[in-house]
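K.L.:
For reference, the file start-v5.txt (compact mmCIF, C-alpha atoms) is included below:
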```txt
# COMPACT_ATOMS: atom_id res chain seq x y z
CA MET A 1 0.00 0.00 0.00
CA ARG A 2 2.80 2.31 1.06
CA GLU A 3 4.72 1.29 -2.05
CA ALA A 4 1.75 2.04 -4.31
CA GLU A 5 1.46 5.47 -2.71
CA ASN A 6 5.15 6.11 -3.25
CA ALA A 7 4.91 4.98 -6.85
CA HIS A 8 1.93 7.26 -7.36
CA GLN A 9 3.80 10.17 -5.82
CA GLN A 10 6.87 9.53 -7.95
CA GLU A 11 4.75 9.38 -11.07
CA LYS A 12 3.06 12.63 -10.11
CA GLU A 13 6.42 14.30 -9.63
CA HIS A 14 7.66 13.13 -12.98
CA GLU A 15 4.50 14.33 -14.64
CA ILE A 16 5.01 17.74 -13.12
CA ARG A 17 8.61 17.83 -14.29
CA ALA A 18 7.51 16.71 -17.74
CA LEU A 19 4.83 19.40 -17.70
CA GLN A 20 7.42 22.06 -17.05
CA ALA A 21 9.55 20.78 -19.91
CA GLN A 22 6.57 20.75 -22.27
CA ILE A 23 6.71 24.04 -24.06
CA ASP A 24 10.33 24.68 -24.88
CA PRO A 25 10.51 28.50 -25.06
CA HIS A 26 13.52 28.32 -27.40
CA PHE A 27 11.57 26.19 -29.86
CA LEU A 28 8.69 28.65 -29.63
CA SER A 29 10.91 31.65 -30.11
CA ASN A 30 12.74 30.09 -33.08
CA THR A 31 9.46 29.12 -34.70
CA LEU A 32 8.03 32.61 -34.25
CA ASP A 33 11.18 34.05 -35.85
CA THR A 34 10.82 31.70 -38.83
CA ILE A 35 7.19 32.73 -39.34
CA ASN A 36 8.23 36.37 -38.97
CA TRP A 37 10.83 36.05 -41.76
CA ILE A 38 8.09 34.79 -44.06
CA ALA A 39 5.75 37.61 -43.01
CA ARG A 40 8.46 40.19 -43.73
CA GLU A 41 9.29 38.68 -47.10
CA ARG A 42 5.63 39.04 -47.95
CA SER A 43 5.44 42.60 -46.51
CA GLU A 44 2.79 41.59 -44.01
CA GLN A 45 3.56 44.39 -41.57
CA LYS A 46 0.73 43.89 -39.11
CA ILE A 47 1.44 40.15 -38.77
CA SER A 48 5.16 40.84 -38.50
CA ARG A 49 4.64 43.48 -35.82
CA MET A 50 2.56 41.08 -33.73
CA LEU A 51 5.05 38.25 -34.14
CA THR A 52 7.88 40.60 -33.17
CA ALA A 53 6.03 41.70 -30.03
CA LEU A 54 5.28 38.10 -29.06
CA SER A 55 8.86 37.03 -29.69
CA ARG A 56 10.22 39.92 -27.58
CA ILE A 57 7.90 38.99 -24.72
CA LEU A 58 9.17 35.43 -24.91
CA GLN A 59 12.81 36.49 -25.13
CA TYR A 60 12.40 38.73 -22.10
CA SER A 61 10.58 36.00 -20.19
CA ILE A 62 13.36 33.47 -20.73
CA SER A 63 16.20 35.92 -20.09
CA ASP A 64 17.84 35.30 -16.72
CA GLY A 65 16.57 38.62 -15.40
CA GLY A 66 19.95 39.41 -13.83
CA SER A 67 19.90 43.20 -14.06
CA VAL A 68 16.63 44.68 -15.17
CA THR A 69 15.57 48.33 -15.34
CA TRP A 70 12.12 49.89 -15.20
CA ARG A 71 12.67 50.70 -18.90
CA ASP A 72 12.91 46.94 -19.66
CA GLU A 73 9.71 46.37 -17.71
CA ILE A 74 7.85 49.17 -19.51
CA GLN A 75 9.13 47.79 -22.84
CA TRP A 76 7.73 44.38 -21.92
CA LEU A 77 4.48 46.10 -20.94
CA THR A 78 4.04 47.98 -24.25
CA ASN A 79 4.54 44.75 -26.23
CA TYR A 80 2.11 42.86 -24.02
CA VAL A 81 -0.49 45.64 -24.18
CA PHE A 82 -0.13 45.93 -27.98
CA LEU A 83 -0.98 42.22 -28.36
CA GLN A 84 -3.89 42.38 -25.95
CA GLN A 85 -5.23 45.48 -27.73
CA THR A 86 -5.22 43.59 -31.03
CA ARG A 87 -7.03 40.74 -29.35
CA TYR A 88 -9.65 42.91 -27.69
CA GLU A 89 -9.94 45.12 -30.77
CA SER A 90 -8.71 48.29 -29.05
CA LYS A 91 -11.29 48.18 -26.27
CA LEU A 92 -8.30 48.63 -24.00
CA GLU A 93 -6.40 51.82 -23.38
CA VAL A 94 -3.21 52.14 -21.37
CA ARG A 95 -1.95 55.55 -20.24
CA TYR A 96 1.59 56.06 -19.05
CA ASP A 97 2.63 58.81 -16.66
CA ILE A 98 6.13 57.90 -15.53
CA ASP A 99 8.86 60.16 -14.18
CA PRO A 100 11.68 59.62 -16.73
CA ARG A 101 14.28 59.53 -13.92
CA ILE A 102 12.86 56.15 -12.92
CA LEU A 103 13.47 54.43 -16.25
CA ASP A 104 17.15 53.55 -15.81
CA LEU A 105 16.81 52.49 -12.19
CA THR A 106 17.00 48.82 -11.30
CA THR A 107 13.95 46.68 -10.65
CA ILE A 108 12.88 43.01 -10.59
CA HIS A 109 12.32 40.91 -13.72
CA LEU A 110 8.63 40.57 -14.67
CA LEU A 111 7.50 42.65 -11.73
CA LEU A 112 4.59 44.25 -13.61
CA GLN A 113 3.30 41.11 -15.32
CA PRO A 114 0.93 39.67 -12.70
CA PHE A 115 -0.75 43.04 -12.08
CA VAL A 116 -1.29 43.94 -15.72
CA GLU A 117 -2.40 40.38 -16.52
CA ASN A 118 -4.81 40.53 -13.62
CA SER A 119 -6.25 43.88 -14.74
CA ILE A 120 -6.81 42.64 -18.28
CA GLU A 121 -7.86 39.03 -17.71
CA HIS A 122 -9.94 39.39 -14.56
CA GLY A 123 -10.76 43.10 -14.40
CA PHE A 124 -12.07 43.65 -17.92
CA GLN A 125 -13.18 40.37 -19.40
CA PRO A 126 -16.50 40.14 -17.55
CA ARG A 127 -17.12 43.85 -18.16
CA GLN A 128 -18.64 45.83 -21.00
CA GLY A 129 -17.18 49.08 -22.32
CA GLU A 130 -13.63 50.31 -22.64
CA GLY A 131 -10.97 49.22 -20.19
CA ILE A 132 -8.50 51.87 -19.08
CA ILE A 133 -5.27 51.15 -17.24
CA VAL A 134 -3.14 53.99 -15.90
CA ILE A 135 0.51 53.35 -15.04
CA ARG A 136 1.87 56.12 -12.86
CA GLY A 137 5.49 56.16 -11.69
CA THR A 138 6.82 58.73 -9.22
CA LEU A 139 10.20 59.18 -7.55
CA GLU A 140 10.42 60.70 -4.08
CA ASP A 141 12.91 60.51 -1.18
CA GLY A 142 14.86 57.65 -2.80
CA CYS A 143 11.74 55.57 -3.35
CA VAL A 144 9.94 54.55 -6.51
CA SER A 145 6.18 54.29 -6.36
CA MET A 146 4.64 52.53 -9.35
CA GLU A 147 0.86 52.60 -9.42
CA ILE A 148 -1.31 50.49 -11.71
CA SER A 149 -4.96 51.46 -11.60
CA ASP A 150 -7.79 50.12 -13.72
CA ASN A 151 -11.51 50.71 -14.16
CA GLY A 152 -12.26 46.96 -14.22
CA CYS A 153 -14.71 45.01 -12.10
CA GLY A 154 -12.45 45.20 -9.03
CA MET A 155 -11.48 42.79 -6.27
CA SER A 156 -13.17 42.45 -2.89
CA GLU A 157 -11.21 43.11 0.33
CA ALA A 158 -11.68 39.42 1.21
CA LYS A 159 -10.11 38.32 -2.05
CA ILE A 160 -7.19 40.73 -1.61
CA ASP A 161 -6.63 39.39 1.92
CA ALA A 162 -6.70 35.82 0.61
CA ILE A 163 -4.13 36.61 -2.10
CA PHE A 164 -1.74 38.22 0.40
CA SER A 165 -2.02 35.28 2.76
CA GLY A 166 -1.18 32.99 -0.18
CA ARG A 167 -4.42 31.00 0.18
CA SER A 168 -6.59 32.37 -2.62
CA LYS A 169 -7.91 29.63 -4.89
CA SER A 170 -10.05 29.51 -8.01
CA ASN A 171 -11.26 26.09 -9.19
CA GLY A 172 -8.81 24.50 -6.77
CA ARG A 173 -5.80 26.25 -8.33
CA PRO A 174 -3.83 28.97 -6.58
CA GLU A 175 -4.93 32.40 -7.71
CA GLY A 176 -3.05 35.64 -7.53
CA ILE A 177 0.14 33.67 -6.84
CA GLY A 178 2.05 36.03 -9.13
CA ILE A 179 0.90 39.05 -7.11
CA PHE A 180 1.82 37.37 -3.84
CA ASN A 181 5.23 36.34 -5.28
CA VAL A 182 6.16 39.87 -6.33
CA HIS A 183 5.28 41.20 -2.89
CA GLU A 184 7.32 38.46 -1.19
CA ARG A 185 10.31 38.97 -3.49
CA ILE A 186 10.42 42.71 -2.73
CA ARG A 187 9.95 42.08 1.02
CA LEU A 188 12.70 39.47 1.11
CA ARG A 189 15.14 41.68 -0.70
CA TYR A 190 14.46 45.07 0.82
CA GLY A 191 12.18 44.59 3.82
CA PRO A 192 9.37 46.92 4.92
CA PRO A 193 8.12 49.49 3.99
CA PHE A 194 8.79 48.14 0.46
CA GLY A 195 6.31 45.79 -1.16
CA VAL A 196 2.90 45.77 -2.82
CA THR A 197 -0.49 47.03 -1.73
CA VAL A 198 -3.75 46.34 -3.54
CA THR A 199 -6.84 48.40 -2.75
CA PRO A 200 -10.30 48.62 -4.31
CA ARG A 201 -10.91 52.05 -5.85
CA ARG A 202 -13.91 53.98 -4.61
CA GLU A 203 -14.96 54.74 -8.21
CA GLY A 204 -14.64 51.04 -9.17
CA GLY A 205 -11.65 48.99 -10.31
CA THR A 206 -8.40 48.27 -8.50
CA LEU A 207 -5.37 50.30 -7.45
CA VAL A 208 -2.04 48.48 -7.13
CA ARG A 209 0.90 50.29 -5.60
CA ILE A 210 4.40 48.86 -5.89
CA PHE A 211 6.74 50.59 -3.44
CA PHE A 212 10.37 50.00 -4.39
CA PRO A 213 13.75 51.51 -3.42
CA ALA A 214 15.42 53.77 -6.01
CA ILE A 215 18.51 51.73 -6.96
CA ASP A 216 20.94 52.35 -9.78
CA GLU A 217 23.12 49.27 -10.19
CA LYS A 218 24.87 50.43 -13.34
CA MET B 1 24.07 34.44 8.56
CA ARG B 2 21.56 31.61 8.80
CA GLU B 3 18.76 34.09 8.31
CA ALA B 4 20.41 35.55 5.20
CA GLU B 5 20.71 32.03 3.80
CA ASN B 6 17.07 31.34 4.49
CA ALA B 7 16.04 34.61 2.89
CA HIS B 8 18.18 33.76 -0.12
CA GLN B 9 16.62 30.32 -0.39
CA GLN B 10 13.10 31.69 -0.09
CA GLU B 11 13.81 34.27 -2.76
CA LYS B 12 15.22 31.55 -5.00
CA GLU B 13 12.06 29.50 -4.54
CA HIS B 14 9.84 32.39 -5.39
CA GLU B 15 11.89 33.16 -8.45
CA ILE B 16 11.47 29.58 -9.59
CA ARG B 17 7.74 29.75 -9.01
CA ALA B 18 7.61 33.05 -10.87
CA LEU B 19 9.66 31.47 -13.66
CA GLN B 20 7.08 28.74 -14.09
CA ALA B 21 4.28 31.28 -14.25
CA GLN B 22 6.14 33.37 -16.82
CA ILE B 23 4.84 32.24 -20.16
CA ASP B 24 1.11 31.80 -19.81
CA PRO B 25 0.29 29.20 -22.49
CA HIS B 26 -3.29 30.47 -22.76
CA PHE B 27 -2.07 33.98 -23.55
CA LEU B 28 0.30 32.51 -26.13
CA SER B 29 -2.37 30.36 -27.68
CA ASN B 30 -4.91 33.23 -27.83
CA THR B 31 -2.33 35.54 -29.37
CA LEU B 32 -1.39 32.96 -32.01
CA ASP B 33 -5.07 32.56 -32.85
CA THR B 34 -5.48 36.32 -33.24
CA ILE B 35 -2.48 36.49 -35.60
CA ASN B 36 -3.86 33.50 -37.48
CA TRP B 37 -7.22 35.25 -38.09
CA ILE B 38 -5.35 38.14 -39.66
CA ALA B 39 -3.24 35.78 -41.78
CA ARG B 40 -6.39 34.01 -43.03
CA GLU B 41 -8.15 37.27 -43.82
CA ARG B 42 -5.14 38.17 -45.93
CA SER B 43 -5.00 34.69 -47.54
CA GLU B 44 -1.50 34.11 -46.21
CA GLN B 45 -1.73 30.32 -46.32
CA LYS B 46 1.83 29.42 -45.48
CA ILE B 47 1.87 31.72 -42.44
CA SER B 48 -1.55 30.47 -41.38
CA ARG B 49 -0.49 26.83 -41.72
CA MET B 50 2.53 27.43 -39.50
CA LEU B 51 0.53 29.33 -36.89
CA THR B 52 -2.09 26.57 -36.87
CA ALA B 53 0.60 23.91 -36.34
CA LEU B 54 2.19 25.92 -33.52
CA SER B 55 -1.17 26.56 -31.88
CA ARG B 56 -2.09 22.84 -32.06
CA ILE B 57 1.22 21.90 -30.46
CA LEU B 58 0.53 24.36 -27.66
CA GLN B 59 -3.05 23.20 -27.20
CA TYR B 60 -1.93 19.59 -26.99
CA SER B 61 0.86 20.52 -24.58
CA ILE B 62 -1.50 22.25 -22.17
CA SER B 63 -4.25 19.64 -22.40
CA ASP B 64 -4.42 17.55 -19.24
CA GLY B 65 -3.29 14.46 -21.14
CA GLY B 66 -5.96 12.31 -19.48
CA SER B 67 -6.56 9.77 -22.23
CA VAL B 68 -4.19 9.98 -25.14
CA THR B 69 -3.83 7.67 -28.13
CA TRP B 70 -0.85 6.99 -30.36
CA ARG B 71 -2.82 8.85 -33.06
CA ASP B 72 -2.75 12.01 -30.89
CA GLU B 73 0.98 11.58 -30.42
CA ILE B 74 1.61 11.09 -34.16
CA GLN B 75 -0.57 14.15 -34.84
CA TRP B 76 1.57 16.17 -32.44
CA LEU B 77 4.65 14.79 -34.18
CA THR B 78 3.57 15.78 -37.70
CA ASN B 79 2.87 19.36 -36.57
CA TYR B 80 6.20 19.57 -34.76
CA VAL B 81 8.11 18.10 -37.71
CA PHE B 82 6.35 20.43 -40.16
CA LEU B 83 7.57 23.46 -38.18
CA GLN B 84 11.09 22.13 -37.83
CA GLN B 85 11.21 21.36 -41.55
CA THR B 86 10.27 24.95 -42.34
CA ARG B 87 12.96 26.13 -39.96
CA TYR B 88 15.67 23.83 -41.35
CA GLU B 89 14.48 24.41 -44.92
CA SER B 90 13.49 20.79 -45.53
CA LYS B 91 16.88 19.34 -44.67
CA LEU B 92 14.91 17.03 -42.46
CA GLU B 93 12.90 14.02 -43.57
CA VAL B 94 10.66 11.94 -41.35
CA ARG B 95 9.38 8.55 -42.53
CA TYR B 96 6.50 6.82 -40.83
CA ASP B 97 6.00 3.05 -40.84
CA ILE B 98 3.33 2.40 -38.22
CA ASP B 99 0.97 -0.56 -37.94
CA PRO B 100 -2.48 1.14 -38.15
CA ARG B 101 -3.82 -1.12 -35.38
CA ILE B 102 -1.64 0.83 -32.93
CA LEU B 103 -3.16 4.26 -33.64
CA ASP B 104 -6.24 3.99 -31.42
CA LEU B 105 -4.45 2.34 -28.54
CA THR B 106 -3.73 4.33 -25.39
CA THR B 107 -0.36 5.86 -24.64
CA ILE B 108 1.19 8.59 -22.47
CA HIS B 109 0.89 12.32 -23.21
CA LEU B 110 3.98 13.78 -24.93
CA LEU B 111 5.77 10.45 -24.91
CA LEU B 112 7.52 11.05 -28.25
CA GLN B 113 8.55 14.66 -27.64
CA PRO B 114 11.91 14.25 -25.86
CA PHE B 115 13.16 11.68 -28.40
CA VAL B 116 12.19 13.62 -31.50
CA GLU B 117 13.46 16.86 -29.96
CA ASN B 118 16.71 15.15 -29.11
CA SER B 119 17.12 13.74 -32.63
CA ILE B 120 16.53 17.14 -34.22
CA GLU B 121 18.26 19.48 -31.77
CA HIS B 122 21.24 17.38 -30.76
CA GLY B 123 21.48 14.76 -33.50
CA PHE B 124 21.32 16.97 -36.59
CA GLN B 125 22.29 20.50 -35.67
CA PRO B 126 26.05 19.87 -35.53
CA ARG B 127 25.84 17.76 -38.69
CA GLN B 128 25.93 18.52 -42.39
CA GLY B 129 23.59 16.91 -44.91
CA GLU B 130 20.02 15.71 -44.68
CA GLY B 131 18.64 14.40 -41.42
CA ILE B 132 16.39 11.38 -41.64
CA ILE B 133 14.21 10.13 -38.82
CA VAL B 134 12.31 6.86 -39.15
CA ILE B 135 9.36 6.17 -36.84
CA ARG B 136 8.47 2.49 -36.87
CA GLY B 137 5.58 1.10 -34.84
CA THR B 138 4.87 -2.61 -34.55
CA LEU B 139 2.32 -4.59 -32.56
CA GLU B 140 3.14 -8.08 -31.34
CA ASP B 141 1.95 -10.30 -28.46
CA GLY B 142 -0.01 -7.47 -26.82
CA CYS B 143 2.96 -5.11 -26.88
CA VAL B 144 3.63 -1.96 -28.86
CA SER B 145 7.18 -1.31 -29.95
CA MET B 146 7.77 2.24 -31.20
CA GLU B 147 11.20 2.80 -32.66
CA ILE B 148 12.68 6.21 -33.44
CA SER B 149 15.92 6.00 -35.38
CA ASP B 150 17.95 8.83 -36.81
CA ASN B 151 21.13 9.29 -38.84
CA GLY B 152 22.36 12.12 -36.60
CA CYS B 153 25.69 12.40 -34.81
CA GLY B 154 24.69 9.87 -32.18
CA MET B 155 25.19 9.52 -28.43
CA SER B 156 28.03 7.68 -26.69
CA GLU B 157 27.29 4.71 -24.40
CA ALA B 158 28.60 6.81 -21.49
CA LYS B 159 26.15 9.60 -22.23
CA ILE B 160 23.25 7.15 -22.54
CA ASP B 161 24.23 5.59 -19.18
CA ALA B 162 24.35 9.04 -17.60
CA ILE B 163 20.89 9.93 -18.91
CA PHE B 164 19.37 6.71 -17.58
CA SER B 165 20.94 7.22 -14.17
CA GLY B 166 19.45 10.75 -14.14
CA ARG B 167 22.86 12.43 -13.75
CA SER B 168 23.62 13.70 -17.26
CA LYS B 169 24.41 17.40 -17.30
CA SER B 170 25.29 19.94 -19.96
CA ASN B 171 26.51 23.35 -18.80
CA GLY B 172 25.37 22.47 -15.29
CA ARG B 173 21.77 21.86 -16.38
CA PRO B 174 20.17 18.42 -16.41
CA GLU B 175 20.25 16.91 -19.87
CA GLY B 176 18.07 14.20 -21.30
CA ILE B 177 15.70 14.64 -18.35
CA GLY B 178 12.73 14.23 -20.71
CA ILE B 179 14.07 10.87 -21.92
CA PHE B 180 14.67 9.69 -18.36
CA ASN B 181 11.18 10.88 -17.33
CA VAL B 182 9.41 8.95 -20.07
CA HIS B 183 11.26 5.78 -19.12
CA GLU B 184 10.42 6.26 -15.44
CA ARG B 185 6.76 7.01 -16.15
CA ILE B 186 6.36 3.82 -18.19
CA ARG B 187 8.27 1.77 -15.57
CA LEU B 188 6.18 3.14 -12.71
CA ARG B 189 2.92 2.44 -14.47
CA TYR B 190 3.59 -0.92 -16.09
CA GLY B 191 6.84 -2.27 -14.67
CA PRO B 192 9.48 -4.24 -16.62
CA PRO B 193 9.89 -5.27 -19.42
CA PHE B 194 8.20 -1.99 -20.48
CA GLY B 195 10.26 1.18 -20.80
CA VAL B 196 12.77 2.85 -23.07
CA THR B 197 16.10 1.71 -24.48
CA VAL B 198 18.53 3.95 -26.34
CA THR B 199 21.34 2.41 -28.37
CA PRO B 200 23.90 3.86 -30.77
CA ARG B 201 23.38 2.56 -34.31
CA ARG B 202 26.33 0.80 -35.95
CA GLU B 203 25.84 2.89 -39.12
CA GLY B 204 25.77 6.14 -37.07
CA GLY B 205 22.92 7.91 -35.29
CA THR B 206 20.71 6.67 -32.47
CA LEU B 207 18.00 4.04 -32.11
CA VAL B 208 15.33 4.62 -29.45
CA ARG B 209 12.91 1.83 -28.66
CA ILE B 210 9.81 2.51 -26.57
CA PHE B 211 8.29 -0.74 -25.36
CA PHE B 212 4.71 -0.25 -24.25
CA PRO B 213 1.72 -2.49 -23.43
CA ALA B 214 -1.11 -2.59 -26.01
CA ILE B 215 -3.98 -0.97 -24.08
CA ASP B 216 -7.35 0.17 -25.39
CA GLU B 217 -9.02 2.31 -22.75
CA LYS B 218 -11.94 3.39 -24.88
```
If you took the structure in this file and wrote it as structure tokens, what would it be?
P.N.:
Amino acid sequence: MREAENAHQQEKEHEIRALQAQIDPHFLSNTLDTINWIARERSEQKISRMLTALSRILQYSISDGGSVTWRDEIQWLTNYVFLQQTRYESKLEVRYDIDPRILDLTTIHLLLQPFVENSIEHGFQPRQGEGIIVIRGTLEDGCVSMEISDNGCGMSEAKIDAIFSGRSKSNGRPEGIGIFNVHERIRLRYGPPFGVTVTPRREGGTLVRIFFPAIDEK
Amino acid sequence: MREAENAHQQEKEHEIRALQAQIDPHFLSNTLDTINWIARERSEQKISRMLTALSRILQYSISDGGSVTWRDEIQWLTNYVFLQQTRYESKLEVRYDIDPRILDLTTIHLLLQPFVENSIEHGFQPRQGEGIIVIRGTLEDGCVSMEISDNGCGMSEAKIDAIFSGRSKSNGRPEGIGIFNVHERIRLRYGPPFGVTVTPRREGGTLVRIFFPAIDEK
């Protein structure tokens, strides 16, 4: 009985490892580049632009993320938003209001991803009308404050609490794990008061505030 | 000191978890579909065919793999090979010689992937001339034997031994882990004599033999 359980567990573990190995990002990236060559040869600019954006997102995702600036993150964001806009036929607007002194400061790889994904996938999908996301970056007293606010359908206080305790689930799968991870990574590296806060906006939608030290590692 | 180590470890773990969450396959798949609609609208058949193949590979990869037949695996294979052929400009030929009685029998999700990937990425890339892969499936005494042979640059006995002991590394990263996983998954489920053997071919290249029970779960 014990042995059967062990065997089951081992199989499970191997399946998980196999699952992770499934989509080889290098194969994906190479294939996208091949398709992009063909699109360029045929002067298909819109297709080529989308394939380029997707390829850049992939390349950035698989980079080791050693030293990343806010500029890299914003670059990732514009590519991601461009693709989502094409998908949602421009019913999505993103406004940027970022102090340019922030751009060359150091940050964490894929810091913005879970918040922007969350705004688009969960905040707008169930909603009618145009989705607006505002990214606002300010620099004060050696601290970067990056705010991501949306006019989506919002998150309840209970759900926010659950995410930050790492126990939020949807259909049995962990939810908001990316948001929780980013908060934990900032906390582990820099300690309080740095980290992430998520609050419902009075006028509807969600306000995320990433509080980060102003670091220039170059 | 201990605390710093712990913090470092925790950060590492979160980075790994974040890494896994990086490329959302549903986002990828949706984006590929959007690009494909545009390609079809513009009658770009070659581009559309490639995007369809890539999307199907992704869809199959993210499916739960509950009940999979050899037909599903061969379908995956033809899409994968089609994309690699476009990439390597047809310097790759794949021949199929499969007993049709095998096709509707049950197998394991993404069983063929690591072997075909290995043949193409490691067997041919360093080599000049045309790469030929032969997939041969036979059914005998309630057992399926699926052979994948290539005329690539081959693997040494030492390397094969290392893979099957789970300790093969290339640049510090585990190598051949997919091959080892498939063998272990078959062994755990069905026990000996089922599993995978890899042998160097006398005429050059590698011969993989997957020995699997003939099961019809439908």
K.L.:
Under the rule that all atoms listed in the file are counted, which of B:Gly178, B:Gly154, B:Gly129, B:Gly66 is the nearest residue to chain A?
P.N.:
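Closest to chain A, using all atoms listed in the file: B:Gly178.
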K.L.:
Which one of B:Leu105, B:Val94, B:Val134, B:Leu110 sits closest to chain A if you count all atoms listed in the file?
P.N.:
B:Leu110
K.L.:
CA of Asp150 (chain A) to CA of Phe212 (chain A): how many Å, to one decimal?
P.N.:
20.4 Å
K.L.:
Nearest to chain B: which of A:Ile102, A:Ile74, A:Val81, A:Val182 is it, counting all atoms listed in the file?
P.N.:
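Using all atoms listed in the file, chain B sits closest to A:Val182.
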K.L.:
Near Leu51 (chain B), within 8 Å and counting only C-alpha atoms, which residues show up once chain neighbours fewer than 3 positions away are dropped, as a list in words?
P.N.:
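Surrounding residues, per the criterion: Ile35 of chain A; Leu32, Asp33, Ile35, Asn36, Ile47, Ser48, Leu54 and Ser55 of chain B.
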K.L.:
Put those residues in a file: C-alpha atoms, as an mmCIF file, keeping the file's coordinate frame.
P.N.:
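Once written, selection.cif looks like this:
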```
data_model
loop_
_atom_site.group_PDB
_atom_site.id
_atom_site.type_symbol
_atom_site.label_atom_id
_atom_site.label_comp_id
_atom_site.auth_asym_id
_atom_site.auth_seq_id
_atom_site.Cartn_x
_atom_site.Cartn_y
_atom_site.Cartn_z
ATOM 1 C CA ILE A 35 7.190 32.730 -39.340
ATOM 2 C CA LEU B 32 -1.390 32.960 -32.010
ATOM 3 C CA ASP B 33 -5.070 32.560 -32.850
ATOM 4 C CA ILE B 35 -2.480 36.490 -35.600
ATOM 5 C CA ASN B 36 -3.860 33.500 -37.480
ATOM 6 C CA ILE B 47 1.870 31.720 -42.440
ATOM 7 C CA SER B 48 -1.550 30.470 -41.380
ATOM 8 C CA LEU B 54 2.190 25.920 -33.520
ATOM 9 C CA SER B 55 -1.170 26.560 -31.880
#
```
K.L.:
Report, in Å to a single decimal, how far apart CA of Phe124 (chain A) and CA of Cys153 (chain A) are.
P.N.:
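Between CA of Cys153 (chain A) and CA of Phe124 (chain A) the gap works out to 6.5 Å.
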K.L.:
Within 10 Å of region 184-189 of chain A, which residues of region 53-149 of chain A show up? Give each one with its shortest atom-to-atom distance in Å (one decimal) and the two atoms involved, counting only C-alpha atoms, rows by chain then rising residue number, as a tab-separated table.
P.N.:
```
residue	atom	partner	partner_atom	distance
A:Thr107	CA	A:Ile186	CA	9.5
A:Ile108	CA	A:Ile186	CA	8.2
A:Leu111	CA	A:Arg185	CA	9.5
```
K.L.:
Could you give me, as a short mmCIF file (atom, residue, chain, number, x, y, z; two decimals) with C-alpha atoms, keeping the file's coordinate frame, the residues that sit within 12 Å of (17.8, 19.2, -40.0) in the file's coordinates, counting all atoms listed in the file?
P.N.:
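Now in selection_18.cif:
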```cif
data_model
loop_
_atom_site.label_atom_id
_atom_site.label_comp_id
_atom_site.auth_asym_id
_atom_site.auth_seq_id
_atom_site.Cartn_x
_atom_site.Cartn_y
_atom_site.Cartn_z
CA VAL B 81 8.11 18.10 -37.71
CA PHE B 82 6.35 20.43 -40.16
CA LEU B 83 7.57 23.46 -38.18
CA GLN B 84 11.09 22.13 -37.83
CA GLN B 85 11.21 21.36 -41.55
CA THR B 86 10.27 24.95 -42.34
CA ARG B 87 12.96 26.13 -39.96
CA TYR B 88 15.67 23.83 -41.35
CA GLU B 89 14.48 24.41 -44.92
CA SER B 90 13.49 20.79 -45.53
CA LYS B 91 16.88 19.34 -44.67
CA LEU B 92 14.91 17.03 -42.46
CA GLU B 93 12.90 14.02 -43.57
CA VAL B 94 10.66 11.94 -41.35
CA VAL B 116 12.19 13.62 -31.50
CA GLU B 117 13.46 16.86 -29.96
CA ASN B 118 16.71 15.15 -29.11
CA SER B 119 17.12 13.74 -32.63
CA ILE B 120 16.53 17.14 -34.22
CA GLU B 121 18.26 19.48 -31.77
CA HIS B 122 21.24 17.38 -30.76
CA GLY B 123 21.48 14.76 -33.50
CA PHE B 124 21.32 16.97 -36.59
CA GLN B 125 22.29 20.50 -35.67
CA PRO B 126 26.05 19.87 -35.53
CA ARG B 127 25.84 17.76 -38.69
CA GLN B 128 25.93 18.52 -42.39
CA GLY B 129 23.59 16.91 -44.91
CA GLU B 130 20.02 15.71 -44.68
CA GLY B 131 18.64 14.40 -41.42
CA ILE B 132 16.39 11.38 -41.64
CA ILE B 133 14.21 10.13 -38.82
CA ASP B 150 17.95 8.83 -36.81
CA ASN B 151 21.13 9.29 -38.84
CA GLY B 152 22.36 12.12 -36.60
CA CYS B 153 25.69 12.40 -34.81
#
```
K.L.:
Have a look at CA of Tyr96 (chain A) and CA of Glu44 (chain A) and let me know their distance in Å, one decimal.
P.N.:
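Interatomic distance, CA of Tyr96 (chain A) to CA of Glu44 (chain A): 28.9 Å.
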